[in-house]
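*Asks:* A single structure is presented below for examination.
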Amino acid sequence: MKRGGILHPDLCHLLASTGHTDLITVCDRGFPVPEGPRRIDLALVDNLPTVLDVLRAVHAECALDRVLISQEMTEVSPGRVQELRDLLGEVPLEALPHVEFKHLAATARATIRTGDATPYANIILVSG
């Protein structure tokens with residue numbers, strides 16, 4: 001039995017099998033989850049967990065090359081962008097148009113759905 005860290009079996013397996021430059025989407029409750037990637041649904045109730053909660057847990061266990069966000073997040077939820085910067089430290093944060101973000105999300109290894117209610121809270125993790 002694991003003593004700590006991420007306990008969700010599907011999430012543990014995903015992280016252990018992720019290679020360099022693989023993509024993982026962590027999305028809010030309203031994101032249109034693509035059909036192709038594996039879906040890991042962690043949403044319980046509004047804002048539980050949040051994208052930040054999942055990122056905090058994943059970042060503690062895995063190396064990240066960079067994190068992608070939509071340009072719309074910078075305009076609609078600038079406070080969330082600052083929270084991401086504070087959490088990520090030296091890990092680069094890159095913005096791209098939401099339409100492009102959704103296309104890229106469809107190529108990810110998996111999509112982790114949260115209960116986050118923050119507009120445009122979605123991120124794509126690029127494995128380091």
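Ordering of the structure tokens sets the chain letters (A, B, ...); residue numbers start at 1 within each chain; ligands are numbered from 1 in the order shown.
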According to DSSP computed on the backbone, where in chain A is there strand (DSSP E)? Give the residues as a PyMOL selection string.

*Replies:* chain A and resi 23-27+38-41+64-70+93-96+110-113+123-127

*Asks:* What are the closest atom pairs, with distances in Å to one decimal, for each residue of range 76-103 of chain A lying within 8 Å of range 108-121 of chain A, using only C-alpha atoms, rows by chain and rising residue number, as a tab-separated table?

*Replies:*
```
residue	atom	partner	partner_atom	distance
A:Val76	CA	A:Pro119	CA	6.9
A:Ser77	CA	A:Pro119	CA	6.5
A:Arg80	CA	A:Ala121	CA	7.3
```

*Asks:* Write the residues you've just listed into a file as a JSON list (two decimals), in the first residue's frame, and include C-alpha atoms for each of them.

*Replies:*
```json
[["chain", "number", "residue", "atom", "x", "y", "z"],
["A", 76, "VAL", "CA", -10.79, 36.11, -18.26],
["A", 77, "SER", "CA", -9.03, 34.57, -15.24],
["A", 80, "ARG", "CA", -5.62, 31.89, -11.96]]
```

*Asks:* Pick out the closest residue to Arg66 in chain A from this set: A:Leu87, A:Leu93, A:Val45, A:Leu14. Count only C-alpha atoms.

*Replies:*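 For Arg66 in chain A, the nearest of the candidates is A:Leu93.
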
*Asks:* As a ChimeraX atom specification, list the residues of range 22-115 of chain A assigned to helix (DSSP H, G or I) by DSSP on the backbone atoms of this structure.

*Replies:* /A:51-61,71-76,78-88,98-105

*Asks:* For the selection just defined, write its residues with N, CA and C atoms to a file, as an mmCIF file, in the first residue's frame.

*Replies:*
```cif
data_model
loop_
_atom_site.group_PDB
_atom_site.id
_atom_site.type_symbol
_atom_site.label_atom_id
_atom_site.label_comp_id
_atom_site.auth_asym_id
_atom_site.auth_seq_id
_atom_site.Cartn_x
_atom_site.Cartn_y
_atom_site.Cartn_z
ATOM 1 N N VAL A 51 -8.256 22.354 -10.745
ATOM 2 C CA VAL A 51 -7.106 22.098 -11.611
ATOM 3 C C VAL A 51 -5.817 22.321 -10.822
ATOM 4 N N LEU A 52 -5.790 23.349 -9.979
ATOM 5 C CA LEU A 52 -4.606 23.623 -9.158
ATOM 6 C C LEU A 52 -4.310 22.484 -8.192
ATOM 7 N N ASP A 53 -5.346 21.884 -7.605
ATOM 8 C CA ASP A 53 -5.143 20.746 -6.700
ATOM 9 C C ASP A 53 -4.447 19.600 -7.420
ATOM 10 N N VAL A 54 -4.930 19.295 -8.620
ATOM 11 C CA VAL A 54 -4.352 18.203 -9.399
ATOM 12 C C VAL A 54 -2.937 18.560 -9.828
ATOM 13 N N LEU A 55 -2.733 19.778 -10.296
ATOM 14 C CA LEU A 55 -1.396 20.204 -10.714
ATOM 15 C C LEU A 55 -0.414 20.119 -9.548
ATOM 16 N N ARG A 56 -0.820 20.559 -8.397
ATOM 17 C CA ARG A 56 0.051 20.519 -7.209
ATOM 18 C C ARG A 56 0.493 19.080 -6.927
ATOM 19 N N ALA A 57 -0.435 18.135 -6.983
ATOM 20 C CA ALA A 57 -0.122 16.726 -6.714
ATOM 21 C C ALA A 57 0.777 16.136 -7.799
ATOM 22 N N VAL A 58 0.468 16.423 -9.063
ATOM 23 C CA VAL A 58 1.257 15.885 -10.171
ATOM 24 C C VAL A 58 2.655 16.487 -10.175
ATOM 25 N N HIS A 59 2.740 17.791 -9.970
ATOM 26 C CA HIS A 59 4.039 18.487 -9.994
ATOM 27 C C HIS A 59 4.973 17.982 -8.890
ATOM 28 N N ALA A 60 4.397 17.539 -7.771
ATOM 29 C CA ALA A 60 5.203 16.998 -6.674
ATOM 30 C C ALA A 60 5.823 15.655 -7.034
ATOM 31 N N GLU A 61 5.243 14.954 -8.023
ATOM 32 C CA GLU A 61 5.709 13.609 -8.366
ATOM 33 C C GLU A 61 6.376 13.506 -9.730
ATOM 34 N N GLN A 71 -5.020 31.390 -24.245
ATOM 35 C CA GLN A 71 -4.876 32.845 -24.187
ATOM 36 C C GLN A 71 -6.069 33.457 -23.456
ATOM 37 N N GLU A 72 -7.225 32.839 -23.620
ATOM 38 C CA GLU A 72 -8.436 33.339 -22.983
ATOM 39 C C GLU A 72 -8.326 33.327 -21.453
ATOM 40 N N MET A 73 -7.570 32.386 -20.893
ATOM 41 C CA MET A 73 -7.385 32.373 -19.441
ATOM 42 C C MET A 73 -6.699 33.654 -18.976
ATOM 43 N N THR A 74 -5.741 34.125 -19.749
ATOM 44 C CA THR A 74 -5.011 35.335 -19.361
ATOM 45 C C THR A 74 -5.937 36.554 -19.335
ATOM 46 N N GLU A 75 -6.979 36.530 -20.159
ATOM 47 C CA GLU A 75 -7.911 37.651 -20.247
ATOM 48 C C GLU A 75 -9.062 37.545 -19.244
ATOM 49 N N VAL A 76 -9.595 36.316 -19.072
ATOM 50 C CA VAL A 76 -10.794 36.106 -18.261
ATOM 51 C C VAL A 76 -10.476 35.748 -16.807
ATOM 52 N N PRO A 78 -7.186 36.159 -14.934
ATOM 53 C CA PRO A 78 -5.782 36.495 -14.692
ATOM 54 C C PRO A 78 -5.285 36.072 -13.308
ATOM 55 N N GLY A 79 -6.176 36.030 -12.322
ATOM 56 C CA GLY A 79 -5.784 35.562 -10.994
ATOM 57 C C GLY A 79 -5.326 34.112 -11.022
ATOM 58 N N ARG A 80 -6.010 33.291 -11.823
ATOM 59 C CA ARG A 80 -5.615 31.886 -11.957
ATOM 60 C C ARG A 80 -4.252 31.778 -12.625
ATOM 61 N N VAL A 81 -3.996 32.630 -13.610
ATOM 62 C CA VAL A 81 -2.694 32.612 -14.283
ATOM 63 C C VAL A 81 -1.593 32.897 -13.264
ATOM 64 N N GLN A 82 -1.816 33.861 -12.378
ATOM 65 C CA GLN A 82 -0.820 34.171 -11.348
ATOM 66 C C GLN A 82 -0.635 33.004 -10.390
ATOM 67 N N GLU A 83 -1.736 32.342 -10.013
ATOM 68 C CA GLU A 83 -1.635 31.166 -9.142
ATOM 69 C C GLU A 83 -0.808 30.063 -9.804
ATOM 70 N N LEU A 84 -1.004 29.881 -11.116
ATOM 71 C CA LEU A 84 -0.215 28.888 -11.847
ATOM 72 C C LEU A 84 1.266 29.257 -11.832
ATOM 73 N N ARG A 85 1.560 30.518 -12.109
ATOM 74 C CA ARG A 85 2.964 30.970 -12.103
ATOM 75 C C ARG A 85 3.604 30.758 -10.730
ATOM 76 N N ASP A 86 2.856 31.084 -9.682
ATOM 77 C CA ASP A 86 3.379 30.902 -8.327
ATOM 78 C C ASP A 86 3.648 29.431 -8.031
ATOM 79 N N LEU A 87 2.763 28.556 -8.451
ATOM 80 C CA LEU A 87 2.895 27.124 -8.198
ATOM 81 C C LEU A 87 4.007 26.492 -9.027
ATOM 82 N N LEU A 88 4.150 26.925 -10.275
ATOM 83 C CA LEU A 88 5.089 26.291 -11.195
ATOM 84 C C LEU A 88 6.539 26.724 -11.019
ATOM 85 N N HIS A 98 -7.619 29.329 -27.556
ATOM 86 C CA HIS A 98 -8.430 28.242 -27.010
ATOM 87 C C HIS A 98 -8.769 27.186 -28.058
ATOM 88 N N VAL A 99 -9.032 27.613 -29.264
ATOM 89 C CA VAL A 99 -9.352 26.654 -30.340
ATOM 90 C C VAL A 99 -8.160 25.731 -30.580
ATOM 91 N N GLU A 100 -6.968 26.298 -30.620
ATOM 92 C CA GLU A 100 -5.758 25.492 -30.793
ATOM 93 C C GLU A 100 -5.534 24.591 -29.572
ATOM 94 N N PHE A 101 -5.820 25.117 -28.392
ATOM 95 C CA PHE A 101 -5.695 24.350 -27.154
ATOM 96 C C PHE A 101 -6.559 23.091 -27.225
ATOM 97 N N LYS A 102 -7.820 23.252 -27.660
ATOM 98 C CA LYS A 102 -8.742 22.109 -27.742
ATOM 99 C C LYS A 102 -8.256 21.067 -28.753
ATOM 100 N N HIS A 103 -7.698 21.512 -29.882
ATOM 101 C CA HIS A 103 -7.157 20.568 -30.868
ATOM 102 C C HIS A 103 -5.976 19.799 -30.286
ATOM 103 N N LEU A 104 -5.107 20.491 -29.576
ATOM 104 C CA LEU A 104 -3.944 19.854 -28.964
ATOM 105 C C LEU A 104 -4.377 18.874 -27.864
ATOM 106 N N ALA A 105 -5.401 19.232 -27.107
ATOM 107 C CA ALA A 105 -5.910 18.359 -26.042
ATOM 108 C C ALA A 105 -6.369 17.010 -26.597
#
```

*Asks:* Nearest residue to His8 in chain A out of A:Thr50, A:Pro32, A:Ile24, A:Leu42, using only C-alpha atoms?

*Replies:*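 Nearest candidate to His8 in chain A out of A:Thr50, A:Pro32, A:Ile24, A:Leu42: A:Leu42.
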
*Asks:* Tell me, in Å to one decimal, how far CA of Gly128 in chain A is from CA of Val33 in chain A.

*Replies:*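 Between CA of Gly128 in chain A and CA of Val33 in chain A the gap is 23.6 Å.
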
*Asks:* Looking at only C-alpha atoms, which of A:Ile69, A:Leu23, A:Leu125, A:Cys12 is the one that sits closest to Leu96 in chain A?

*Replies:* A:Ile69

*Asks:* Of the residues A:Cys27, A:Val126, A:Leu11, A:Ala16, which is the one nearest to Asp65 in chain A, using only C-alpha atoms?

*Replies:*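 That would be A:Val126, the residue with the smallest distance to Asp65 in chain A.
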
*Asks:* Using Å and a single decimal, report how far CA of Met1 in chain A sits from CA of Ala63 in chain A.

*Replies:*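 It comes out at 23.5 Å.
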
*Asks:* When you count only C-alpha atoms, which of these residues is closest to Cys62 in chain A: A:His20, A:Arg38, A:Arg29, A:Arg3?

*Replies:*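 Among the listed residues, the smallest separation from Cys62 in chain A belongs to A:His20.
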